[in-house]
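See structure below.
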Amino acid sequence: MTVPALERDVVIVTFDSAQILDVTGPLEVFSSASRYLPVAHYRTKVVTTRGGPVHASCGLEFVSSPIADVTGPVDTLMVAGGADMDAAVADTELLAQVRRLAADARRVTSVCSGAFVLAAAGLLEGRRATTHWAECGLLGDTYAEVTVDPDAIYVHDGNVWTSAGVTAGIDLTLALVADDHGHQAAATVARQLVVYLQRSGGQAQFSALLAGQAADTEPVRDLLSWLRDHLTDDLSVAALARQLNLSERQFTRVFKAEVGSTAADHVEAVRLESACRLLETTNRTIEQIARTCGFGTPETMNRTFRRRLDTTPGDHRHHFRGNTLVPS
């Protein structure tokens with residue numbers, strides 16, 4: 001006998017100047033889960049304080065319903081982020097309605113800077129939370145009662161879930177689907193959307209690598225691109241300095257100024273990122289991956305994983321086994 005899918009009402013709260021991916025990313029995950037998982041049935045509604053058209057920060061206009069029209073309890077309350085958070089956290093009606101729905105919701109969640117709305121509504125007091133990496137400092141300074149984790153893709157504390165910036169809302173929503181229906185169900189949705197079930201590492205890693213791509217001068221940008229294809233080469237400060245025809249002292253100063261980290265730290269981050277990808281997507285052995293990524297030995301790679309990700313290469317592969325592996 002087929003067991004009917006449990007209907008779960010999801011309310012996504014937004015406002016003018018919303019970040020469109022904070023809304024559409026989770027919507028697509030919930031929609032895909034309902035389409036591809038026989039056990040899933042998510043009913044979604046996008047709401048604002050007054051309802052009607054919403055103008056996203058990218059210029060797209062979309063429709064919303066008035067939040068006051070939502071009668072609880074809802075299964076999942078999700079607050080999106082946006083460009084004008086000052087207006088959102090100053091909207092007393094919005095905060096009151098968020099508190100009303102949160103009181104009976106099974107889960108209360110936020111995407112990106114939507115955490116500021118939850119914090120202003122008093123829903124993050126005494127909890128761990130995260131937001132976009134560039135706003136973590138502001139969240140912690142503004143709401144001292146919130147313990148901010150600046151490196152997490154998402155944080156789960158009790159019935160409250162918060163995510164990092166923009167596309168991390170997809171990671172968060174996949175985690176919610178896994179919480180409801182299991183890891184394999186969420187992996188099915190991830191494969192349909194052609195995304196990772198969960199990205200490796202934390203958002204600090206991503207922001208550091210993206211910062212490297214934004215180096216000011218062409219020689220440094222070229223060097224950063226080159227080293228990703230030469231992870232087994234000598235990537236010491238002396239060797240990299242020679243690549244740019246600089247003294248080690250000059251190179252150290254220029255690299256830190258343009259990339260925002262030391263050369264050794266950046267090289268290790270790139271090697272770690274490459275190792276994570278190979279663990280997630282290939283059948284290569286840990287020893288092969290350690291050599292390919294320039295760690296030399298599995299022991300060295302293991303120490304790096306423990307220090308930077310608080311896990312081991314083997315545990316990382318096991319955790320991300322939900323994604324399809326391809327032959328090495």
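Letters for chains follow the order of the structure tokens (A, B, ...), residue numbers begin at 1 for each chain, and ligand numbers begin at 1 in the order shown.
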If we count only C-alpha atoms, what is near Leu279 in chain A at a cut-off of 8 Å, once residues fewer than 6 positions away on the same chain are taken out, given as a ChimeraX atom specification? /A:286,289,313,316-317
Output N, CA and C atoms for every residue in that selection, as a PDB file, in the first residue's frame.
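Result file follows (selection.pdb):
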ATOM      1  N   ILE A 286      42.776   7.366  -1.278  1.00  0.00           N
ATOM      2  CA  ILE A 286      43.241   8.534  -0.521  1.00  0.00           C
ATOM      3  C   ILE A 286      44.722   8.780  -0.791  1.00  0.00           C
ATOM      4  N   ILE A 289      45.002  10.522  -4.163  1.00  0.00           N
ATOM      5  CA  ILE A 289      44.543  11.915  -4.067  1.00  0.00           C
ATOM      6  C   ILE A 289      45.576  12.768  -3.348  1.00  0.00           C
ATOM      7  N   PRO A 313      39.911  12.694   5.615  1.00  0.00           N
ATOM      8  CA  PRO A 313      39.543  12.445   4.212  1.00  0.00           C
ATOM      9  C   PRO A 313      38.541  11.300   4.080  1.00  0.00           C
ATOM     10  N   HIS A 316      35.159  12.477   5.229  1.00  0.00           N
ATOM     11  CA  HIS A 316      34.622  13.424   4.251  1.00  0.00           C
ATOM     12  C   HIS A 316      34.010  12.668   3.071  1.00  0.00           C
ATOM     13  N   ARG A 317      34.720  11.678   2.562  1.00  0.00           N
ATOM     14  CA  ARG A 317      34.193  10.898   1.437  1.00  0.00           C
ATOM     15  C   ARG A 317      32.912  10.182   1.846  1.00  0.00           C
TER      16      ARG A 317
END
Among the residues of range 40-277 of chain A, find those DSSP assigns to alpha helix (DSSP H) from the backbone and print them as JSON, numbers by chain. {"A": [85, 86, 87, 88, 89, 92, 93, 94, 95, 96, 97, 98, 99, 100, 101, 102, 103, 104, 114, 115, 116, 117, 118, 119, 120, 136, 137, 138, 139, 140, 141, 142, 168, 169, 170, 171, 172, 173, 174, 175, 176, 177, 178, 179, 180, 181, 183, 184, 185, 186, 187, 188, 189, 190, 191, 192, 193, 203, 204, 205, 206, 207, 208, 209, 210, 211, 212, 213, 218, 219, 220, 221, 222, 223, 224, 225, 226, 227, 228, 237, 238, 239, 240, 241, 242, 243, 248, 249, 250, 251, 252, 253, 254, 255, 256, 257, 258, 259, 263, 264, 265, 266, 267, 268, 269, 270, 271, 272, 273, 274, 275, 276, 277]}
Polymer residues at most 6 Å from range 157-171 of chain A, only C-alpha atoms, same-chain spacing of 2 or more positions, as a PyMOL selection string: chain A and resi 21-22+25-26+107-112+129-132+153-155+173-174+198
As a ChimeraX atom specification, please: the residues near Gly72 in chain A (cut-off 12 Å, only C-alpha atoms, same-chain neighbours under 5 positions excluded). /A:8-11,67,77,97-106
Go ahead and save the residues from that selection, with N, CA, C and O atoms, as a PDB file, in the first residue's frame.
ATOM      1  N   ARG A   8       3.596  19.476   3.798  1.00  0.00           N
ATOM      2  CA  ARG A   8       4.348  20.397   4.651  1.00  0.00           C
ATOM      3  C   ARG A   8       4.230  21.802   4.069  1.00  0.00           C
ATOM      4  O   ARG A   8       4.619  22.040   2.922  1.00  0.00           O
ATOM      5  N   ASP A   9       3.702  22.712   4.834  1.00  0.00           N
ATOM      6  CA  ASP A   9       3.546  24.099   4.398  1.00  0.00           C
ATOM      7  C   ASP A   9       4.826  24.880   4.676  1.00  0.00           C
ATOM      8  O   ASP A   9       5.305  24.929   5.828  1.00  0.00           O
ATOM      9  N   VAL A  10       5.363  25.478   3.634  1.00  0.00           N
ATOM     10  CA  VAL A  10       6.584  26.279   3.743  1.00  0.00           C
ATOM     11  C   VAL A  10       6.246  27.722   3.386  1.00  0.00           C
ATOM     12  O   VAL A  10       5.704  27.992   2.310  1.00  0.00           O
ATOM     13  N   VAL A  11       6.556  28.652   4.271  1.00  0.00           N
ATOM     14  CA  VAL A  11       6.315  30.072   4.042  1.00  0.00           C
ATOM     15  C   VAL A  11       7.661  30.768   3.930  1.00  0.00           C
ATOM     16  O   VAL A  11       8.485  30.709   4.854  1.00  0.00           O
ATOM     17  N   ILE A  67       1.574  38.535   4.506  1.00  0.00           N
ATOM     18  CA  ILE A  67       1.961  37.600   5.547  1.00  0.00           C
ATOM     19  C   ILE A  67       0.863  37.443   6.594  1.00  0.00           C
ATOM     20  O   ILE A  67       0.706  36.371   7.189  1.00  0.00           O
ATOM     21  N   LEU A  77       9.193  27.964   8.373  1.00  0.00           N
ATOM     22  CA  LEU A  77       9.219  29.400   8.124  1.00  0.00           C
ATOM     23  C   LEU A  77      10.627  29.765   7.675  1.00  0.00           C
ATOM     24  O   LEU A  77      11.600  29.450   8.352  1.00  0.00           O
ATOM     25  N   GLN A  97       4.879  39.695  12.621  1.00  0.00           N
ATOM     26  CA  GLN A  97       4.305  38.561  11.902  1.00  0.00           C
ATOM     27  C   GLN A  97       5.265  37.365  11.873  1.00  0.00           C
ATOM     28  O   GLN A  97       4.832  36.206  11.967  1.00  0.00           O
ATOM     29  N   VAL A  98       6.562  37.656  11.751  1.00  0.00           N
ATOM     30  CA  VAL A  98       7.557  36.582  11.791  1.00  0.00           C
ATOM     31  C   VAL A  98       7.537  35.904  13.159  1.00  0.00           C
ATOM     32  O   VAL A  98       7.565  34.669  13.265  1.00  0.00           O
ATOM     33  N   ARG A  99       7.455  36.706  14.230  1.00  0.00           N
ATOM     34  CA  ARG A  99       7.370  36.124  15.571  1.00  0.00           C
ATOM     35  C   ARG A  99       6.102  35.279  15.727  1.00  0.00           C
ATOM     36  O   ARG A  99       6.128  34.201  16.335  1.00  0.00           O
ATOM     37  N   ARG A 100       4.984  35.772  15.181  1.00  0.00           N
ATOM     38  CA  ARG A 100       3.714  35.040  15.281  1.00  0.00           C
ATOM     39  C   ARG A 100       3.817  33.671  14.621  1.00  0.00           C
ATOM     40  O   ARG A 100       3.431  32.656  15.207  1.00  0.00           O
ATOM     41  N   LEU A 101       4.334  33.628  13.389  1.00  0.00           N
ATOM     42  CA  LEU A 101       4.429  32.359  12.674  1.00  0.00           C
ATOM     43  C   LEU A 101       5.498  31.446  13.283  1.00  0.00           C
ATOM     44  O   LEU A 101       5.343  30.224  13.293  1.00  0.00           O
ATOM     45  N   ALA A 102       6.575  32.046  13.783  1.00  0.00           N
ATOM     46  CA  ALA A 102       7.655  31.251  14.367  1.00  0.00           C
ATOM     47  C   ALA A 102       7.202  30.525  15.629  1.00  0.00           C
ATOM     48  O   ALA A 102       7.713  29.443  15.951  1.00  0.00           O
ATOM     49  N   ALA A 103       6.243  31.098  16.340  1.00  0.00           N
ATOM     50  CA  ALA A 103       5.800  30.526  17.612  1.00  0.00           C
ATOM     51  C   ALA A 103       5.266  29.111  17.444  1.00  0.00           C
ATOM     52  O   ALA A 103       5.436  28.267  18.344  1.00  0.00           O
ATOM     53  N   ASP A 104       4.626  28.826  16.306  1.00  0.00           N
ATOM     54  CA  ASP A 104       4.031  27.505  16.087  1.00  0.00           C
ATOM     55  C   ASP A 104       4.710  26.708  14.978  1.00  0.00           C
ATOM     56  O   ASP A 104       4.268  25.597  14.666  1.00  0.00           O
ATOM     57  N   ALA A 105       5.755  27.265  14.370  1.00  0.00           N
ATOM     58  CA  ALA A 105       6.418  26.578  13.260  1.00  0.00           C
ATOM     59  C   ALA A 105       7.290  25.436  13.776  1.00  0.00           C
ATOM     60  O   ALA A 105       7.928  25.552  14.826  1.00  0.00           O
ATOM     61  N   ARG A 106       7.317  24.352  13.033  1.00  0.00           N
ATOM     62  CA  ARG A 106       8.214  23.250  13.402  1.00  0.00           C
ATOM     63  C   ARG A 106       9.664  23.646  13.224  1.00  0.00           C
ATOM     64  O   ARG A 106      10.527  23.260  14.012  1.00  0.00           O
TER      65      ARG A 106
END
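Remark: for Ser57 in chain A, the closest of the candidate residues A:Glu268, A:Asp149, A:Asp75, A:Asp84 is A:Asp84 (distances computed over only C-alpha atoms).
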